[in-house]
>>> print(open('my_file_3.cif').read())   # mmCIF, C-alpha atoms and all ligand atoms
data_final
loop_
_atom_site.label_atom_id
_atom_site.label_comp_id
_atom_site.auth_asym_id
_atom_site.auth_seq_id
_atom_site.Cartn_x
_atom_site.Cartn_y
_atom_site.Cartn_z
CA MET A 1 -20.80 15.49 -35.31
CA ASN A 2 -23.77 16.42 -33.18
CA GLN A 3 -23.10 19.93 -31.82
CA MET A 4 -25.15 19.16 -28.74
CA GLN A 5 -23.05 16.16 -27.82
CA ASP A 6 -21.21 16.58 -24.52
CA LYS A 7 -17.57 17.52 -24.76
CA ILE A 8 -15.21 14.72 -23.77
CA VAL A 9 -13.90 15.27 -20.24
CA THR A 10 -10.48 13.80 -19.61
CA LEU A 11 -9.34 12.57 -16.21
CA ASP A 12 -6.92 15.49 -15.92
CA GLU A 13 -9.63 18.04 -16.69
CA PHE A 14 -12.00 16.39 -14.26
CA ILE A 15 -9.43 16.32 -11.43
CA ILE A 16 -8.43 19.95 -11.98
CA LYS A 17 -12.07 21.07 -12.09
CA SER A 18 -12.89 19.13 -8.89
CA GLU A 19 -9.92 20.64 -7.10
CA LYS A 20 -10.88 24.18 -8.18
CA GLU A 21 -14.19 23.67 -6.39
CA ASN A 22 -12.24 23.29 -3.16
CA PRO A 23 -10.92 26.73 -2.14
CA ASN A 24 -8.27 25.28 0.19
CA SER A 25 -6.63 23.09 -2.41
CA SER A 26 -2.95 23.49 -3.16
CA GLY A 27 -2.77 21.50 -6.38
CA SER A 28 -0.69 18.75 -4.85
CA PHE A 29 -3.61 16.30 -4.58
CA THR A 30 -4.38 16.98 -8.25
CA ARG A 31 -0.81 16.13 -9.22
CA LEU A 32 -0.91 12.96 -7.16
CA LEU A 33 -4.11 11.71 -8.81
CA ARG A 34 -2.69 12.56 -12.22
CA ASP A 35 0.43 10.55 -11.41
CA ILE A 36 -1.75 7.56 -10.59
CA GLY A 37 -3.42 7.96 -14.00
CA ILE A 38 -0.02 8.07 -15.72
CA ALA A 39 1.26 4.96 -13.92
CA ALA A 40 -1.98 3.17 -14.83
CA LYS A 41 -1.41 3.93 -18.52
CA ILE A 42 2.12 2.55 -18.38
CA VAL A 43 0.98 -0.62 -16.62
CA ASN A 44 -1.88 -0.95 -19.09
CA ARG A 45 0.56 -0.90 -22.00
CA GLU A 46 2.57 -3.70 -20.41
CA VAL A 47 -0.52 -5.76 -19.48
CA ASN A 48 -1.59 -5.60 -23.12
CA ARG A 49 1.76 -6.97 -24.19
CA ALA A 50 1.58 -9.87 -21.73
CA GLY A 51 0.14 -12.16 -24.42
CA LEU A 52 3.37 -11.71 -26.38
CA VAL A 53 5.23 -13.52 -23.65
CA ASN A 54 6.59 -16.15 -26.03
CA ILE A 55 8.04 -13.45 -28.22
CA LEU A 56 9.21 -11.08 -25.52
CA GLY A 57 10.39 -13.71 -23.06
CA VAL A 58 8.89 -15.22 -19.92
CA ALA A 59 9.41 -13.63 -16.51
CA GLY A 60 12.85 -14.29 -15.13
CA SER A 61 14.45 -14.76 -18.56
CA THR A 62 16.43 -12.21 -20.54
CA ASN A 63 14.63 -10.68 -23.53
CA THR A 64 16.01 -9.97 -27.01
CA THR A 65 17.34 -6.58 -26.00
CA GLY A 66 19.22 -8.14 -23.10
CA ASP A 67 16.89 -6.79 -20.37
CA GLU A 68 15.72 -8.99 -17.56
CA VAL A 69 11.99 -9.71 -18.09
CA GLN A 70 10.08 -8.84 -14.94
CA LYS A 71 7.01 -10.48 -13.54
CA LEU A 72 4.13 -8.14 -14.28
CA ASP A 73 3.30 -7.51 -10.65
CA ILE A 74 6.89 -6.44 -9.99
CA PHE A 75 6.84 -4.28 -13.12
CA ALA A 76 3.58 -2.64 -12.01
CA ASN A 77 4.96 -2.11 -8.52
CA ASN A 78 8.13 -0.45 -9.83
CA LYS A 79 6.21 1.79 -12.24
CA PHE A 80 3.80 3.02 -9.60
CA ILE A 81 6.63 3.67 -7.14
CA GLU A 82 8.71 5.48 -9.78
CA THR A 83 5.82 7.62 -10.99
CA LEU A 84 4.67 8.51 -7.48
CA SER A 85 8.21 9.46 -6.51
CA TYR A 86 8.83 12.03 -9.30
CA SER A 87 6.55 14.88 -8.38
CA GLY A 88 7.20 15.06 -4.64
CA GLU A 89 3.59 14.81 -3.48
CA VAL A 90 4.03 11.44 -1.75
CA CYS A 91 6.32 10.78 1.22
CA GLY A 92 5.68 7.04 1.54
CA ILE A 93 4.10 4.02 -0.08
CA ALA A 94 2.88 0.69 1.29
CA SER A 95 2.56 -2.03 -1.32
CA GLU A 96 1.60 -5.66 -1.40
CA GLU A 97 4.94 -6.33 -3.05
CA ASN A 98 7.07 -4.77 -0.29
CA GLN A 99 7.37 -6.19 3.18
CA GLU A 100 8.18 -2.77 4.69
CA ILE A 101 6.96 0.75 3.98
CA ILE A 102 8.79 2.61 1.22
CA GLU A 103 10.12 6.01 2.18
CA VAL A 104 10.00 8.47 -0.71
CA LYS A 105 12.71 11.11 -0.60
CA PRO A 106 11.56 14.75 -0.85
CA VAL A 107 11.79 16.41 -4.25
CA GLY A 108 13.53 19.77 -3.84
CA LYS A 109 12.07 21.72 -0.92
CA LYS A 110 8.58 20.25 -1.31
CA LYS A 111 7.00 18.79 1.79
CA ALA A 112 4.96 15.82 0.64
CA GLN A 113 1.55 15.63 2.25
CA TYR A 114 0.32 12.19 1.23
CA VAL A 115 0.97 8.46 1.55
CA VAL A 116 -0.32 5.85 -0.89
CA VAL A 117 -1.28 2.23 -0.19
CA MET A 118 -1.56 -0.10 -3.15
CA ASP A 119 -1.96 -3.52 -4.64
CA PRO A 120 -0.14 -2.80 -7.91
CA LEU A 121 -1.48 -5.85 -9.69
CA ASP A 122 -4.53 -7.61 -8.34
CA GLY A 123 -5.53 -11.00 -9.68
CA SER A 124 -2.04 -11.76 -10.94
CA SER A 125 -2.84 -15.46 -11.40
CA ASN A 126 -5.01 -14.31 -14.33
CA ILE A 127 -2.23 -12.70 -16.34
CA ASP A 128 -0.90 -15.78 -18.08
CA VAL A 129 -4.37 -16.68 -19.34
CA ASN A 130 -5.39 -13.27 -20.64
CA VAL A 131 -8.05 -12.62 -18.02
CA SER A 132 -8.53 -9.16 -16.56
CA VAL A 133 -6.42 -7.85 -13.71
CA GLY A 134 -6.43 -4.62 -11.74
CA THR A 135 -4.67 -2.12 -9.52
CA ILE A 136 -6.07 -0.96 -6.18
CA PHE A 137 -5.01 2.23 -4.39
CA GLY A 138 -5.85 4.32 -1.35
CA ILE A 139 -4.55 7.73 -0.29
CA PHE A 140 -4.09 9.09 3.25
CA LYS A 141 -2.96 12.54 4.27
CA ARG A 142 0.25 12.19 6.23
CA LYS A 143 -0.02 12.42 9.99
CA SER A 144 3.63 12.62 11.06
CA SER A 145 5.73 15.78 10.98
CA PRO A 146 6.39 16.97 7.41
CA ASP A 147 9.99 17.71 8.42
CA GLY A 148 10.99 14.09 8.96
CA PRO A 149 10.64 10.78 7.15
CA VAL A 150 7.34 8.97 6.81
CA GLN A 151 6.30 6.87 9.81
CA MET A 152 4.32 3.69 10.36
CA GLU A 153 1.58 5.80 12.01
CA ASP A 154 0.95 7.36 8.58
CA PHE A 155 -0.24 3.96 7.32
CA LEU A 156 -1.76 2.07 10.25
CA ARG A 157 -5.07 3.92 10.24
CA LYS A 158 -8.71 3.12 9.75
CA GLY A 159 -10.17 3.14 6.27
CA THR A 160 -12.37 6.07 7.29
CA GLU A 161 -9.25 8.26 7.32
CA MET A 162 -8.55 7.78 3.62
CA VAL A 163 -8.98 10.91 1.51
CA ALA A 164 -9.35 9.00 -1.75
CA ALA A 165 -9.35 5.48 -3.12
CA GLY A 166 -9.84 3.75 -6.41
CA TYR A 167 -9.03 0.96 -8.76
CA VAL A 168 -7.95 0.40 -12.32
CA LEU A 169 -9.39 -2.49 -14.30
CA TYR A 170 -7.30 -3.71 -17.21
CA GLY A 171 -10.13 -5.49 -19.01
CA THR A 172 -11.79 -5.43 -22.41
CA SER A 173 -11.40 -1.69 -21.90
CA THR A 174 -9.20 -0.14 -19.27
CA LEU A 175 -11.09 1.78 -16.64
CA LEU A 176 -10.02 3.95 -13.74
CA VAL A 177 -12.64 4.33 -11.02
CA TYR A 178 -12.02 6.59 -8.04
CA SER A 179 -13.61 8.59 -5.29
CA THR A 180 -12.50 11.45 -3.10
CA GLY A 181 -15.45 10.99 -0.78
CA LYS A 182 -17.98 12.80 -2.96
CA GLY A 183 -19.31 9.94 -5.04
CA VAL A 184 -17.58 7.64 -7.50
CA ASN A 185 -16.61 8.40 -11.09
CA GLY A 186 -15.26 6.10 -13.79
CA PHE A 187 -12.96 6.92 -16.71
CA THR A 188 -12.33 4.71 -19.72
CA LEU A 189 -8.97 4.81 -21.44
CA ASP A 190 -9.36 5.85 -25.06
CA PRO A 191 -6.29 4.25 -26.65
CA SER A 192 -6.56 6.46 -29.74
CA ILE A 193 -5.81 9.61 -27.72
CA GLY A 194 -4.10 7.94 -24.75
CA GLU A 195 -6.41 9.60 -22.24
CA PHE A 196 -8.79 8.39 -19.56
CA CYS A 197 -12.17 9.95 -20.45
CA LEU A 198 -15.11 10.36 -18.10
CA SER A 199 -17.48 7.53 -19.00
CA HIS A 200 -19.35 6.75 -15.76
CA ARG A 201 -20.42 9.82 -13.82
CA ASP A 202 -21.52 9.50 -10.18
CA ILE A 203 -21.77 5.71 -10.10
CA LYS A 204 -24.47 4.32 -7.81
CA MET A 205 -24.62 0.59 -7.45
CA PRO A 206 -27.98 -1.21 -7.53
CA ALA A 207 -29.44 -1.78 -4.04
CA ALA A 208 -30.13 -5.41 -4.94
CA GLY A 209 -28.92 -7.82 -7.55
CA ASN A 210 -28.65 -11.44 -8.45
CA TYR A 211 -24.94 -12.08 -8.71
CA TYR A 212 -22.85 -13.66 -5.98
CA SER A 213 -19.12 -13.89 -6.20
CA VAL A 214 -17.20 -16.29 -3.97
CA ASN A 215 -14.63 -19.06 -4.39
CA GLN A 216 -17.17 -21.83 -3.92
CA GLY A 217 -14.36 -24.40 -4.11
CA TYR A 218 -13.70 -23.55 -0.44
CA TYR A 219 -17.35 -24.09 0.53
CA LEU A 220 -16.60 -26.84 3.04
CA LYS A 221 -13.95 -24.67 4.70
CA PHE A 222 -16.39 -21.81 5.41
CA ASP A 223 -18.24 -21.32 8.71
CA LEU A 224 -21.79 -22.66 8.90
CA GLU A 225 -23.46 -19.26 8.48
CA MET A 226 -21.58 -18.57 5.26
CA ARG A 227 -22.45 -22.01 3.89
CA ARG A 228 -26.12 -21.39 4.72
CA TYR A 229 -26.02 -17.99 3.03
CA ILE A 230 -24.35 -19.43 -0.08
CA ASP A 231 -27.02 -22.18 -0.15
CA HIS A 232 -29.61 -19.41 -0.02
CA CYS A 233 -28.01 -17.65 -3.02
CA SER A 234 -28.06 -20.92 -4.90
CA ASP A 235 -31.69 -21.63 -3.87
CA LEU A 236 -32.69 -18.26 -5.31
CA ASN A 237 -30.88 -19.07 -8.56
CA TYR A 238 -28.51 -16.15 -8.14
CA ARG A 239 -25.75 -16.26 -10.72
CA LEU A 240 -22.34 -17.28 -9.49
CA ARG A 241 -19.46 -15.34 -11.05
CA TYR A 242 -15.90 -15.61 -9.78
CA ILE A 243 -12.96 -14.34 -11.79
CA GLY A 244 -10.41 -14.55 -8.97
CA SER A 245 -9.44 -10.92 -9.34
CA MET A 246 -11.15 -8.85 -6.70
CA VAL A 247 -11.17 -5.74 -8.88
CA SER A 248 -12.97 -7.49 -11.74
CA ASP A 249 -15.40 -9.29 -9.45
CA ILE A 250 -16.30 -6.10 -7.59
CA HIS A 251 -16.51 -4.08 -10.79
CA ARG A 252 -19.24 -6.41 -12.08
CA ILE A 253 -21.39 -6.03 -8.98
CA MET A 254 -20.87 -2.25 -8.93
CA PHE A 255 -22.81 -2.10 -12.18
CA GLN A 256 -25.05 -5.15 -12.11
CA GLY A 257 -25.67 -5.48 -8.37
CA GLY A 258 -24.53 -8.40 -6.26
CA ILE A 259 -22.37 -9.51 -3.37
CA PHE A 260 -18.68 -10.37 -3.17
CA LEU A 261 -17.52 -12.69 -0.40
CA TYR A 262 -14.09 -13.78 0.74
CA PRO A 263 -14.90 -15.44 4.07
CA ASN A 264 -12.43 -16.76 6.62
CA THR A 265 -11.50 -20.36 5.90
CA ARG A 266 -9.64 -23.02 7.84
CA LYS A 267 -6.52 -22.06 5.91
CA TYR A 268 -7.06 -18.32 6.44
CA PRO A 269 -8.87 -18.04 9.80
CA LYS A 270 -8.74 -14.23 9.58
CA GLY A 271 -9.52 -14.07 5.86
CA LYS A 272 -7.11 -13.79 2.95
CA LEU A 273 -7.54 -10.32 1.49
CA ARG A 274 -5.27 -7.58 2.75
CA LEU A 275 -7.02 -4.92 4.78
CA LEU A 276 -4.88 -1.86 4.04
CA TYR A 277 -4.56 -1.97 0.27
CA GLU A 278 -7.30 -4.35 -0.86
CA CYS A 279 -10.23 -4.20 1.56
CA PHE A 280 -10.09 -0.54 2.67
CA PRO A 281 -9.97 1.01 -0.82
CA MET A 282 -12.61 -1.32 -2.27
CA ALA A 283 -14.86 -0.80 0.78
CA TYR A 284 -14.46 2.97 0.36
CA ILE A 285 -15.59 2.77 -3.26
CA ILE A 286 -18.47 0.40 -2.48
CA GLU A 287 -19.75 2.66 0.31
CA GLN A 288 -19.40 5.76 -1.84
CA ALA A 289 -21.46 3.99 -4.51
CA GLY A 290 -24.22 3.26 -1.97
CA GLY A 291 -23.25 -0.30 -1.06
CA THR A 292 -22.18 -1.93 2.21
CA ALA A 293 -18.84 -3.50 3.18
CA LEU A 294 -18.60 -5.73 6.25
CA THR A 295 -16.42 -8.53 7.55
CA CYS A 296 -18.06 -11.95 7.77
CA LYS A 297 -18.37 -11.22 11.51
CA LEU A 298 -20.42 -8.14 10.61
CA GLU A 299 -17.97 -5.39 11.52
CA ARG A 300 -17.82 -2.41 9.17
CA ILE A 301 -14.59 -2.82 7.17
CA MET A 302 -13.78 0.90 7.17
CA ASP A 303 -13.81 0.99 10.99
CA LEU A 304 -11.44 -1.92 11.56
CA GLU A 305 -8.30 -1.33 13.59
CA ILE A 306 -5.11 -2.15 11.75
CA PHE A 307 -1.92 -3.25 13.49
CA THR A 308 0.31 -4.53 10.70
CA LEU A 309 0.80 -3.54 7.05
CA HIS A 310 -0.19 -6.86 5.56
CA GLN A 311 -2.98 -7.72 8.00
CA THR A 312 -5.84 -9.64 6.42
CA SER A 313 -9.59 -9.65 6.87
CA SER A 314 -12.65 -11.56 5.75
CA ILE A 315 -14.97 -9.50 3.60
CA ALA A 316 -18.58 -9.43 2.43
CA MET A 317 -19.51 -6.43 0.36
CA GLY A 318 -21.86 -5.26 -2.32
CA SER A 319 -25.47 -4.21 -2.84
CA LYS A 320 -26.92 -3.10 0.45
CA ASP A 321 -30.03 -5.32 0.41
CA MET A 322 -27.95 -8.42 -0.32
CA VAL A 323 -25.46 -7.63 2.42
CA ARG A 324 -28.44 -7.12 4.78
CA ASP A 325 -29.70 -10.62 3.90
CA MET A 326 -26.24 -12.07 4.47
CA LYS A 327 -26.19 -10.36 7.86
CA GLU A 328 -29.41 -12.14 8.83
CA PHE A 329 -27.80 -15.50 8.08
CA VAL A 330 -24.79 -14.64 10.22
CA GLU A 331 -27.08 -13.54 13.05
CA ARG A 332 -29.18 -16.69 12.74
CA TYR A 333 -26.47 -19.33 12.32
CA GLY A 334 -23.33 -17.60 13.63
CA ALA A 335 -23.90 -18.73 17.21
CA VAL A 336 -24.67 -22.38 16.31
CA ILE A 337 -22.02 -24.82 17.53
CA GLN A 338 -20.69 -26.67 14.49
P1 LIG B 401 -3.30 -10.72 -5.71
O1 LIG B 401 -3.23 -11.19 -7.13
O2 LIG B 401 -3.05 -9.24 -5.57
O3 LIG B 401 -2.45 -11.54 -4.77
O4 LIG B 401 -4.81 -10.84 -5.20
C1 LIG B 401 -5.56 -11.98 -5.46
C2 LIG B 401 -6.72 -11.95 -4.53
C3 LIG B 401 -7.97 -11.30 -5.06
O5 LIG B 401 -7.85 -10.49 -6.15
C4 LIG B 401 -8.87 -12.44 -5.40
O6 LIG B 401 -10.18 -12.07 -5.13
C5 LIG B 401 -8.39 -13.55 -4.52
O7 LIG B 401 -7.06 -13.29 -4.22
C6 LIG B 401 -8.49 -14.89 -5.14
O8 LIG B 401 -8.14 -15.85 -4.19
P2 LIG B 401 -8.50 -17.39 -4.35
O9 LIG B 401 -7.70 -17.88 -5.50
O10 LIG B 401 -8.12 -17.98 -3.03
O11 LIG B 401 -9.99 -17.46 -4.60
MN MN B 402 -4.86 -8.44 -4.73
MN MN B 403 -1.36 -8.12 -6.15
#
>>> encode(input="my_file_3.cif", output="structure tokens")
Amino acid sequence: MNQMQDKIVTLDEFIIKSEKENPNSSGSFTRLLRDIGIAAKIVNREVNRAGLVNILGVAGSTNTTGDEVQKLDIFANNKFIETLSYSGEVCGIASEENQEIIEVKPVGKKKAQYVVVMDPLDGSSNIDVNVSVGTIFGIFKRKSSPDGPVQMEDFLRKGTEMVAAGYVLYGTSTLLVYSTGKGVNGFTLDPSIGEFCLSHRDIKMPAAGNYYSVNQGYYLKFDLEMRRYIDHCSDLNYRLRYIGSMVSDIHRIMFQGGIFLYPNTRKYPKGKLRLLYECFPMAYIIEQAGGTALTCKLERIMDLEIFTLHQTSSIAMGSKDMVRDMKEFVERYGAVIQ
């Protein structure tokens, strides 16, 4: 082995080192991030087994050991909730899979300081066909009194108030990408040692690119300005890529440059993607990587007011030069009566 080769840095080592650089840290944020890494490994194991569905049993059936087989998004939800509840760092969770907020009971005398918002399994329509899926998460510091239960005010906050956000991509490799507001780092799971290892340090996305990612099947349901912008992408021979899993689609443009769009449609006049646990965390990562994240009405995603847990938004995010071009189309055609 080359003696000069860099030592492998595991996610745990990286988190501990980053926290040591902050003199006010108490260690609880470190434990919380580590818990997310652990839950991601458990979900990864199950995602990898999804192809064995005929052997292990389809969701809703009972498997050979007599256990009820869960849908993978419910499994992922339960694992994240369980893992985040053990160490006492989290007092509440908001998840796509739960209508209401989940109150996490204190562990011993610990006063939990954080709440987590999450989409435990993103792109779930891809599972049955072996296409990559993801997990999205965001972390806020609690606002309500640490002596009582978690409150709605701990969750209904602007994206700018998040202290960290990230995603896990269960793809050809499994990657965990996160930011605490000082750049973005990516860790690849090495299955031989069962650890996430630092593989992408200080990720900066290209300022321009030639990928656009949108469900073009809804083209006729988009507003005029979006149709004109999509025509422009096509005119320029940009490459269309759409996996139907936001995590995978965004991950591509993070590295290759591009734009991801989920505009409002006639069916979803306010957009489809959920602001709190899909748009905010992904916008946080995109901005930290040097990109831009707006709604299709040109508001900054991170500044949007949120009134309900499952509120949705339109979204246009990616390489800053491409988002700037998109903005010009909205300014030019947005006022035209259709
Ligand atoms: P989820 O699987 O968590 O419900 O999210 C699916 C989301 C997102 O990942 C993806 O970009 C989008 O829905 C796909 O929607 P369409 O099928 O309408 O394009
Ligand atoms: Mn999702
Ligand atoms: Mn989901």
>>> residues_near_point(input="my_file_3.cif", point="(1.0, -6.7, -3.3)", cutoff="7 Å", atoms="all atoms listed in the file", output="PyMOL selection string")
chain A and resi 95-97+119-121
>>> residues_around(input="my_file_3.cif", residues="A:Phe14", least_positions_apart="6", cutoff="10 Å", atoms="all atoms listed in the file", output="MDAnalysis selection string")
chainID A and resid 20 30 185 187 197:198
>>> residues_near_ligand(input="my_file_3.cif", ligand="ligand LIG 401 (chain B)", cutoff="10 Å", atoms="all atoms listed in the file", output="ChimeraX atom specification")
/A:73,96-97,118-127,133-136,213-218,242-250,260-262,265,267-268,271-274,277-279
>>> atom_distance(input="my_file_3.cif", atom1="atom CA of A:Asp12", atom2="atom CA of A:Tyr86")
17.4 Å
>>> residues_around(input="my_file_3.cif", residues="A:Ser28", least_positions_apart="3", cutoff="10 Å", atoms="all atoms listed in the file", output="JSON, numbers by chain")
{"A": [19, 25, 31, 32, 33, 34, 87, 88, 89, 90, 112, 113, 114]}
>>> closest_residue(input="my_file_3.cif", among="A:Lys105, A:Lys320, A:Arg332, A:Lys7", to="A:Met226", atoms="all atoms listed in the file")
A:Arg332
>>> atom_distance(input="my_file_3.cif", atom1="atom CA of A:Asp223", atom2="atom CA of A:Lys297")
10.5 Å
>>> atom_distance(input="my_file_3.cif", atom1="atom CA of A:Glu225", atom2="atom CA of A:Thr295")
12.9 Å
>>> axis_aligned_box(input="my_file_3.cif", around="stretch 124-127 of chain A", padding_each_side="8 Å", output="lines of an AutoDock Vina configuration file")
center_x = -3.5
center_y = -13.6
center_z = -13.6
size_x = 19.0
size_y = 19.7
size_z = 21.4
>>> residues_near_point(input="my_file_3.cif", point="(-23.9, -16.8, -3.9)", cutoff="7 Å", atoms="all atoms listed in the file", output="PDB file with C-alpha atoms, in the frame of the given file")
ATOM      1  CA  TYR A 211     -24.940 -12.080  -8.710  1.00  0.00           C
ATOM      2  CA  TYR A 212     -22.850 -13.660  -5.980  1.00  0.00           C
ATOM      3  CA  SER A 213     -19.120 -13.890  -6.200  1.00  0.00           C
ATOM      4  CA  VAL A 214     -17.200 -16.290  -3.970  1.00  0.00           C
ATOM      5  CA  ILE A 230     -24.350 -19.430  -0.080  1.00  0.00           C
ATOM      6  CA  CYS A 233     -28.010 -17.650  -3.020  1.00  0.00           C
ATOM      7  CA  SER A 234     -28.060 -20.920  -4.900  1.00  0.00           C
ATOM      8  CA  TYR A 238     -28.510 -16.150  -8.140  1.00  0.00           C
ATOM      9  CA  LEU A 240     -22.340 -17.280  -9.490  1.00  0.00           C
TER      10      LEU A 240
END
>>> closest_residue(input="my_file_3.cif", among="A:Met326, A:Arg49, A:Ile15, A:Ala289", to="A:Asp231", atoms="only C-alpha atoms")
A:Met326
>>> closest_residue(input="my_file_3.cif", among="A:Glu13, A:Glu161, A:Glu82, A:Asp190", to="A:Ala39", atoms="only C-alpha atoms")
A:Glu82
>>> closest_residue(input="my_file_3.cif", among="A:Phe75, A:Tyr219, A:Tyr167, A:Phe155", to="ligand MN 402 (chain B)", atoms="only C-alpha atoms and all ligand atoms")
A:Tyr167
>>> residues_around(input="my_file_3.cif", residues="A:His200", least_positions_apart="4", cutoff="10 Å", atoms="all atoms listed in the file", output="VMD selection string")
chain A and resid 175 to 177 184 to 188 204
>>> residues_around(input="my_file_3.cif", residues="A:Val43", least_positions_apart="5", cutoff="9 Å", atoms="all atoms listed in the file", output="count of residues only")
8
>>> residues_around(input="my_file_3.cif", residues="A:Ser85", least_positions_apart="6", cutoff="10 Å", atoms="only C-alpha atoms", output="NGL selection string")
:A and (32 or 35 or 79 or 91-93 or 103-107)
>>> closest_residue(input="my_file_3.cif", among="A:Met282, A:Leu236, A:Ile139, A:Val47", to="A:Thr172", atoms="only C-alpha atoms")
A:Val47
>>> closest_residue(input="my_file_3.cif", among="A:Phe137, A:Phe222, A:Tyr229, A:Phe329", to="A:Arg266", atoms="all atoms listed in the file")
A:Phe222
